[in-house]
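A.B. asks: Sharing a structure below in structure tokens format, with a few things to ask.
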Amino acid sequence: STMNQQQLQSCLYSLYEPEIQTCVAVISAIDGLNKKQLKPAIRFANTFLLDHLELNTKARCLLAWSDPNYSGFNSLPADLCMPVETLIRSRRTFFPEGQQLSETFFKALISQRKLYYEERREMADLW
């Protein structure tokens, strides 16, 4: 069986979205967290795969790097399909953060929240 870019991208979202939803469920279960504190985490989770993990780009790169005929900076043929087994091996090789998605998510969320509070503190110091 083979996959093209759109099929690979759909499979990656199907694989990773439930894990991100589980991370949100873990955050939601924290005692003492109010809606105001929870809302930014949910907003971050909603765009994490696209904006932070850049899953669409990763799918395109996996497909390209799996192709033995790929020669670098050239556009991929629109009809390029690769065997599923090859894509799975490439995912392990070229996309290690996909195997530690929850850890990657929480580290990115913590980093984003720290940056937000540092910026707020700096703005408060200015006034």
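Residue numbering restarts at 1 for every chain of the structure tokens, chains are lettered A, B, ... in their displayed order, and ligands are numbered from 1 as they appear.
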Report as CSV the residues of region 16-37 of chain A within 12 Å of region 103-117 of chain A, each with its shortest atom pair and distance in Å (one decimal), using only C-alpha atoms, ordered by chain and increasing residue number.
C.D. replies:
residue,atom,partner,partner_atom,distance
A:Tyr16,CA,A:Phe105,CA,10.9
A:Glu17,CA,A:Phe105,CA,11.4
A:Glu19,CA,A:Phe105,CA,9.6
A:Ile20,CA,A:Phe105,CA,7.5
A:Gln21,CA,A:Phe105,CA,10.8
A:Thr22,CA,A:Phe105,CA,11.0
A:Cys23,CA,A:Phe106,CA,7.9
A:Val24,CA,A:Phe106,CA,9.8
A:Val26,CA,A:Phe106,CA,10.7
A:Ile27,CA,A:Phe106,CA,9.7
A:Gln37,CA,A:Arg113,CA,10.2
A.B. asks: With N, CA and C atoms kept, could you save the residues just selected as a PDB file, in the first residue's frame?
C.D. replies:
ATOM      1  N   TYR A  16      -1.833  11.875  15.933  1.00  0.00           N
ATOM      2  CA  TYR A  16      -1.364  12.788  16.978  1.00  0.00           C
ATOM      3  C   TYR A  16      -2.457  13.600  17.675  1.00  0.00           C
ATOM      4  N   GLU A  17      -3.571  13.881  17.022  1.00  0.00           N
ATOM      5  CA  GLU A  17      -4.619  14.683  17.656  1.00  0.00           C
ATOM      6  C   GLU A  17      -5.145  14.079  18.955  1.00  0.00           C
ATOM      7  N   GLU A  19      -3.583  12.317  21.126  1.00  0.00           N
ATOM      8  CA  GLU A  19      -2.582  12.505  22.176  1.00  0.00           C
ATOM      9  C   GLU A  19      -2.606  13.938  22.709  1.00  0.00           C
ATOM     10  N   ILE A  20      -2.781  14.910  21.825  1.00  0.00           N
ATOM     11  CA  ILE A  20      -2.885  16.304  22.259  1.00  0.00           C
ATOM     12  C   ILE A  20      -4.157  16.497  23.085  1.00  0.00           C
ATOM     13  N   GLN A  21      -5.251  15.874  22.680  1.00  0.00           N
ATOM     14  CA  GLN A  21      -6.492  15.950  23.450  1.00  0.00           C
ATOM     15  C   GLN A  21      -6.312  15.330  24.837  1.00  0.00           C
ATOM     16  N   THR A  22      -5.535  14.280  24.925  1.00  0.00           N
ATOM     17  CA  THR A  22      -5.244  13.667  26.227  1.00  0.00           C
ATOM     18  C   THR A  22      -4.433  14.617  27.092  1.00  0.00           C
ATOM     19  N   CYS A  23      -3.489  15.320  26.497  1.00  0.00           N
ATOM     20  CA  CYS A  23      -2.708  16.312  27.246  1.00  0.00           C
ATOM     21  C   CYS A  23      -3.621  17.399  27.815  1.00  0.00           C
ATOM     22  N   VAL A  24      -4.578  17.851  27.021  1.00  0.00           N
ATOM     23  CA  VAL A  24      -5.526  18.866  27.492  1.00  0.00           C
ATOM     24  C   VAL A  24      -6.377  18.303  28.628  1.00  0.00           C
ATOM     25  N   VAL A  26      -5.463  16.070  30.773  1.00  0.00           N
ATOM     26  CA  VAL A  26      -4.591  16.036  31.955  1.00  0.00           C
ATOM     27  C   VAL A  26      -4.515  17.425  32.589  1.00  0.00           C
ATOM     28  N   ILE A  27      -4.341  18.437  31.770  1.00  0.00           N
ATOM     29  CA  ILE A  27      -4.284  19.813  32.280  1.00  0.00           C
ATOM     30  C   ILE A  27      -5.613  20.191  32.925  1.00  0.00           C
ATOM     31  N   GLN A  37      -7.084  30.296  33.587  1.00  0.00           N
ATOM     32  CA  GLN A  37      -5.781  29.664  33.437  1.00  0.00           C
ATOM     33  C   GLN A  37      -5.821  28.541  32.404  1.00  0.00           C
TER      34      GLN A  37
END
A.B. asks: For CA of Asn74 (chain A) and CA of His52 (chain A), determine how far apart the two atoms are, in Å to one decimal place.
C.D. replies: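 The value is 24.7 Å.
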A.B. asks: Determine, counting only C-alpha atoms, which protein, DNA and RNA residues have an atom within 10 Å of an atom of region 55-64 of chain A; residues of the same chain fewer than 3 positions away are not included. Present the result as a PyMOL selection string.
C.D. replies: chain A and resi 3-13+16+48-52+67-77+80-83+86-95+98
A.B. asks: Produce a file of the selected residues containing N, CA and C atoms, as a short mmCIF file (atom, residue, chain, number, x, y, z; two decimals), in the first residue's frame.
C.D. replies:
data_model
loop_
_atom_site.label_atom_id
_atom_site.label_comp_id
_atom_site.auth_asym_id
_atom_site.auth_seq_id
_atom_site.Cartn_x
_atom_site.Cartn_y
_atom_site.Cartn_z
N MET A 3 1.03 5.82 -0.01
CA MET A 3 0.35 7.04 0.41
C MET A 3 0.93 8.22 -0.33
N ASN A 4 0.05 9.19 -0.63
CA ASN A 4 0.52 10.46 -1.16
C ASN A 4 0.61 11.45 0.01
N GLN A 5 0.94 12.69 -0.28
CA GLN A 5 1.15 13.69 0.78
C GLN A 5 -0.11 13.93 1.59
N GLN A 6 -1.24 14.08 0.92
CA GLN A 6 -2.49 14.36 1.63
C GLN A 6 -2.89 13.20 2.55
N GLN A 7 -2.71 11.97 2.07
CA GLN A 7 -3.03 10.80 2.89
C GLN A 7 -2.10 10.70 4.09
N LEU A 8 -0.82 10.95 3.87
CA LEU A 8 0.14 10.92 4.97
C LEU A 8 -0.19 11.98 6.00
N GLN A 9 -0.49 13.17 5.54
CA GLN A 9 -0.84 14.27 6.44
C GLN A 9 -2.08 13.91 7.27
N SER A 10 -3.09 13.37 6.64
CA SER A 10 -4.31 12.96 7.36
C SER A 10 -4.01 11.89 8.39
N CYS A 11 -3.16 10.94 8.03
CA CYS A 11 -2.79 9.88 8.98
C CYS A 11 -2.04 10.45 10.18
N LEU A 12 -1.13 11.39 9.94
CA LEU A 12 -0.38 11.98 11.05
C LEU A 12 -1.30 12.75 11.99
N TYR A 13 -2.25 13.50 11.44
CA TYR A 13 -3.21 14.19 12.31
C TYR A 13 -4.06 13.19 13.09
N TYR A 16 -1.83 11.88 15.93
CA TYR A 16 -1.36 12.79 16.98
C TYR A 16 -2.46 13.60 17.67
N PHE A 48 -1.40 23.62 18.12
CA PHE A 48 -0.07 23.06 18.34
C PHE A 48 0.45 22.25 17.15
N LEU A 49 -0.35 21.33 16.63
CA LEU A 49 0.13 20.46 15.55
C LEU A 49 0.45 21.25 14.28
N LEU A 50 -0.35 22.24 13.99
CA LEU A 50 -0.13 23.02 12.77
C LEU A 50 0.94 24.09 12.96
N ASP A 51 0.84 24.88 14.02
CA ASP A 51 1.71 26.05 14.18
C ASP A 51 3.04 25.76 14.86
N HIS A 52 3.04 24.91 15.85
CA HIS A 52 4.27 24.67 16.61
C HIS A 52 5.03 23.44 16.12
N ASP A 67 11.79 9.40 -0.49
CA ASP A 67 11.97 9.13 -1.92
C ASP A 67 13.45 9.01 -2.24
N PRO A 68 13.90 7.85 -2.69
CA PRO A 68 15.32 7.68 -3.01
C PRO A 68 15.78 8.57 -4.18
N ASN A 69 14.84 9.07 -4.97
CA ASN A 69 15.18 9.93 -6.11
C ASN A 69 15.16 11.41 -5.77
N TYR A 70 14.84 11.75 -4.52
CA TYR A 70 14.76 13.16 -4.14
C TYR A 70 16.16 13.75 -4.11
N SER A 71 16.31 14.91 -4.74
CA SER A 71 17.65 15.50 -4.86
C SER A 71 17.77 16.86 -4.19
N GLY A 72 16.92 17.17 -3.25
CA GLY A 72 17.03 18.46 -2.57
C GLY A 72 16.06 19.46 -3.15
N PHE A 73 16.21 20.65 -2.97
CA PHE A 73 15.39 21.82 -3.21
C PHE A 73 14.45 21.80 -4.42
N ASN A 74 14.11 20.65 -4.93
CA ASN A 74 13.16 20.57 -6.04
C ASN A 74 11.76 20.33 -5.48
N SER A 75 10.77 20.78 -6.23
CA SER A 75 9.39 20.53 -5.83
C SER A 75 9.08 19.04 -5.97
N LEU A 76 8.20 18.58 -5.10
CA LEU A 76 7.77 17.19 -5.19
C LEU A 76 6.73 17.05 -6.29
N PRO A 77 6.77 15.95 -7.02
CA PRO A 77 5.69 15.71 -7.98
C PRO A 77 4.37 15.60 -7.24
N LEU A 80 3.31 12.04 -6.24
CA LEU A 80 4.30 11.19 -5.56
C LEU A 80 3.63 10.36 -4.46
N CYS A 81 3.84 9.07 -4.52
CA CYS A 81 3.35 8.15 -3.50
C CYS A 81 4.52 7.29 -3.04
N MET A 82 4.52 6.97 -1.76
CA MET A 82 5.58 6.14 -1.20
C MET A 82 4.95 4.98 -0.44
N PRO A 83 5.65 3.85 -0.35
CA PRO A 83 5.12 2.72 0.42
C PRO A 83 4.99 3.09 1.90
N THR A 86 7.98 2.35 4.17
CA THR A 86 9.07 3.32 4.01
C THR A 86 8.75 4.59 4.80
N LEU A 87 7.51 5.04 4.73
CA LEU A 87 7.12 6.25 5.45
C LEU A 87 7.20 6.06 6.96
N ILE A 88 6.86 4.88 7.43
CA ILE A 88 6.95 4.61 8.88
C ILE A 88 8.41 4.65 9.33
N ARG A 89 9.29 4.05 8.56
CA ARG A 89 10.73 4.10 8.90
C ARG A 89 11.23 5.54 8.87
N SER A 90 10.82 6.30 7.89
CA SER A 90 11.25 7.70 7.78
C SER A 90 10.72 8.52 8.94
N ARG A 91 9.50 8.25 9.38
CA ARG A 91 8.93 8.99 10.51
C ARG A 91 9.77 8.77 11.76
N ARG A 92 10.21 7.55 11.97
CA ARG A 92 11.07 7.27 13.13
C ARG A 92 12.41 7.98 13.01
N THR A 93 12.95 8.03 11.81
CA THR A 93 14.26 8.63 11.59
C THR A 93 14.23 10.15 11.60
N PHE A 94 13.30 10.74 10.86
CA PHE A 94 13.31 12.18 10.61
C PHE A 94 12.35 12.99 11.48
N PHE A 95 11.56 12.33 12.30
CA PHE A 95 10.55 13.03 13.09
C PHE A 95 10.51 12.46 14.51
N GLY A 98 7.81 13.25 17.17
CA GLY A 98 6.53 12.58 17.04
C GLY A 98 6.41 11.38 17.97
#
A.B. asks: Taking the backbone alone, and naming residues the way the document does, which bits of region 74-115 of chain A are helix (DSSP H, G or I) by DSSP, as a PDB file with N, CA and C atoms, in the first residue's frame?
C.D. replies:
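Listed below is the output, states.pdb:
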ATOM      1  N   VAL A  84       3.938   2.592   2.517  1.00  0.00           N
ATOM      2  CA  VAL A  84       3.662   2.898   3.920  1.00  0.00           C
ATOM      3  C   VAL A  84       4.830   2.472   4.805  1.00  0.00           C
ATOM      4  N   GLU A  85       5.406   1.317   4.561  1.00  0.00           N
ATOM      5  CA  GLU A  85       6.528   0.828   5.369  1.00  0.00           C
ATOM      6  C   GLU A  85       7.700   1.792   5.333  1.00  0.00           C
ATOM      7  N   THR A  86       7.980   2.354   4.166  1.00  0.00           N
ATOM      8  CA  THR A  86       9.066   3.320   4.015  1.00  0.00           C
ATOM      9  C   THR A  86       8.753   4.594   4.797  1.00  0.00           C
ATOM     10  N   LEU A  87       7.511   5.044   4.735  1.00  0.00           N
ATOM     11  CA  LEU A  87       7.120   6.252   5.453  1.00  0.00           C
ATOM     12  C   LEU A  87       7.199   6.064   6.965  1.00  0.00           C
ATOM     13  N   ILE A  88       6.861   4.883   7.435  1.00  0.00           N
ATOM     14  CA  ILE A  88       6.950   4.608   8.876  1.00  0.00           C
ATOM     15  C   ILE A  88       8.406   4.653   9.333  1.00  0.00           C
ATOM     16  N   ARG A  89       9.289   4.053   8.560  1.00  0.00           N
ATOM     17  CA  ARG A  89      10.726   4.101   8.895  1.00  0.00           C
ATOM     18  C   ARG A  89      11.232   5.536   8.874  1.00  0.00           C
ATOM     19  N   SER A  90      10.820   6.298   7.888  1.00  0.00           N
ATOM     20  CA  SER A  90      11.246   7.701   7.782  1.00  0.00           C
ATOM     21  C   SER A  90      10.718   8.523   8.944  1.00  0.00           C
ATOM     22  N   ARG A  91       9.501   8.248   9.380  1.00  0.00           N
ATOM     23  CA  ARG A  91       8.934   8.985  10.514  1.00  0.00           C
ATOM     24  C   ARG A  91       9.774   8.766  11.755  1.00  0.00           C
ATOM     25  N   ARG A  92      10.210   7.548  11.971  1.00  0.00           N
ATOM     26  CA  ARG A  92      11.066   7.265  13.133  1.00  0.00           C
ATOM     27  C   ARG A  92      12.408   7.977  13.014  1.00  0.00           C
ATOM     28  N   THR A  93      12.946   8.034  11.815  1.00  0.00           N
ATOM     29  CA  THR A  93      14.259   8.630  11.591  1.00  0.00           C
ATOM     30  C   THR A  93      14.233  10.155  11.597  1.00  0.00           C
ATOM     31  N   PHE A  94      13.301  10.744  10.855  1.00  0.00           N
ATOM     32  CA  PHE A  94      13.315  12.179  10.608  1.00  0.00           C
ATOM     33  C   PHE A  94      12.352  12.990  11.478  1.00  0.00           C
ATOM     34  N   PRO A  96      11.646  12.549  15.224  1.00  0.00           N
ATOM     35  CA  PRO A  96      11.710  11.940  16.560  1.00  0.00           C
ATOM     36  C   PRO A  96      10.753  12.582  17.562  1.00  0.00           C
ATOM     37  N   GLU A  97      10.437  13.877  17.394  1.00  0.00           N
ATOM     38  CA  GLU A  97       9.517  14.522  18.337  1.00  0.00           C
ATOM     39  C   GLU A  97       8.118  13.930  18.252  1.00  0.00           C
ATOM     40  N   GLY A  98       7.809  13.255  17.171  1.00  0.00           N
ATOM     41  CA  GLY A  98       6.526  12.577  17.044  1.00  0.00           C
ATOM     42  C   GLY A  98       6.408  11.383  17.966  1.00  0.00           C
ATOM     43  N   GLN A  99       7.529  10.832  18.389  1.00  0.00           N
ATOM     44  CA  GLN A  99       7.516   9.695  19.297  1.00  0.00           C
ATOM     45  C   GLN A  99       7.470  10.141  20.749  1.00  0.00           C
ATOM     46  N   GLN A 100       7.659  11.416  20.992  1.00  0.00           N
ATOM     47  CA  GLN A 100       7.609  11.988  22.341  1.00  0.00           C
ATOM     48  C   GLN A 100       6.696  13.200  22.314  1.00  0.00           C
ATOM     49  N   LEU A 101       5.534  13.039  21.705  1.00  0.00           N
ATOM     50  CA  LEU A 101       4.662  14.178  21.440  1.00  0.00           C
ATOM     51  C   LEU A 101       4.180  14.861  22.712  1.00  0.00           C
ATOM     52  N   SER A 102       3.772  14.098  23.702  1.00  0.00           N
ATOM     53  CA  SER A 102       3.280  14.712  24.940  1.00  0.00           C
ATOM     54  C   SER A 102       4.368  15.556  25.596  1.00  0.00           C
ATOM     55  N   GLU A 103       5.559  15.014  25.654  1.00  0.00           N
ATOM     56  CA  GLU A 103       6.679  15.760  26.236  1.00  0.00           C
ATOM     57  C   GLU A 103       6.952  17.031  25.436  1.00  0.00           C
ATOM     58  N   THR A 104       6.959  16.910  24.120  1.00  0.00           N
ATOM     59  CA  THR A 104       7.169  18.066  23.249  1.00  0.00           C
ATOM     60  C   THR A 104       6.072  19.106  23.474  1.00  0.00           C
ATOM     61  N   PHE A 105       4.826  18.657  23.585  1.00  0.00           N
ATOM     62  CA  PHE A 105       3.708  19.563  23.813  1.00  0.00           C
ATOM     63  C   PHE A 105       3.858  20.319  25.132  1.00  0.00           C
ATOM     64  N   PHE A 106       4.111  19.577  26.218  1.00  0.00           N
ATOM     65  CA  PHE A 106       4.190  20.231  27.525  1.00  0.00           C
ATOM     66  C   PHE A 106       5.382  21.179  27.625  1.00  0.00           C
ATOM     67  N   LYS A 107       6.513  20.810  27.045  1.00  0.00           N
ATOM     68  CA  LYS A 107       7.666  21.710  27.054  1.00  0.00           C
ATOM     69  C   LYS A 107       7.355  22.996  26.284  1.00  0.00           C
ATOM     70  N   ALA A 108       6.706  22.854  25.137  1.00  0.00           N
ATOM     71  CA  ALA A 108       6.355  24.038  24.336  1.00  0.00           C
ATOM     72  C   ALA A 108       5.328  24.904  25.057  1.00  0.00           C
ATOM     73  N   LEU A 109       4.365  24.274  25.710  1.00  0.00           N
ATOM     74  CA  LEU A 109       3.351  25.031  26.451  1.00  0.00           C
ATOM     75  C   LEU A 109       3.980  25.785  27.617  1.00  0.00           C
ATOM     76  N   ILE A 110       4.829  25.125  28.364  1.00  0.00           N
ATOM     77  CA  ILE A 110       5.501  25.781  29.493  1.00  0.00           C
ATOM     78  C   ILE A 110       6.359  26.940  28.999  1.00  0.00           C
ATOM     79  N   SER A 111       7.080  26.729  27.928  1.00  0.00           N
ATOM     80  CA  SER A 111       7.921  27.784  27.356  1.00  0.00           C
ATOM     81  C   SER A 111       7.064  28.975  26.911  1.00  0.00           C
ATOM     82  N   GLN A 112       5.950  28.689  26.260  1.00  0.00           N
ATOM     83  CA  GLN A 112       5.066  29.755  25.792  1.00  0.00           C
ATOM     84  C   GLN A 112       4.477  30.534  26.962  1.00  0.00           C
ATOM     85  N   ARG A 113       4.060  29.843  28.017  1.00  0.00           N
ATOM     86  CA  ARG A 113       3.476  30.517  29.177  1.00  0.00           C
ATOM     87  C   ARG A 113       4.533  31.331  29.928  1.00  0.00           C
ATOM     88  N   LYS A 114       5.761  30.806  30.056  1.00  0.00           N
ATOM     89  CA  LYS A 114       6.842  31.564  30.698  1.00  0.00           C
ATOM     90  C   LYS A 114       7.111  32.860  29.944  1.00  0.00           C
ATOM     91  N   LEU A 115       7.168  32.757  28.626  1.00  0.00           N
ATOM     92  CA  LEU A 115       7.395  33.934  27.800  1.00  0.00           C
ATOM     93  C   LEU A 115       6.270  34.953  27.994  1.00  0.00           C
TER      94      LEU A 115
END
A.B. asks: Record the distance separating CA of Thr47 (chain A) and CA of Ser14 (chain A), expressed in Å with one decimal.
C.D. replies: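 Going from CA of Thr47 (chain A) over to CA of Ser14 (chain A), I get 14.7 Å.
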A.B. asks: Any idea what the distance is between CA of Lys39 (chain A) and CA of Leu126 (chain A)?
C.D. replies: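 We find that CA of Lys39 (chain A) and CA of Leu126 (chain A) lie 26.8 Å from each other.
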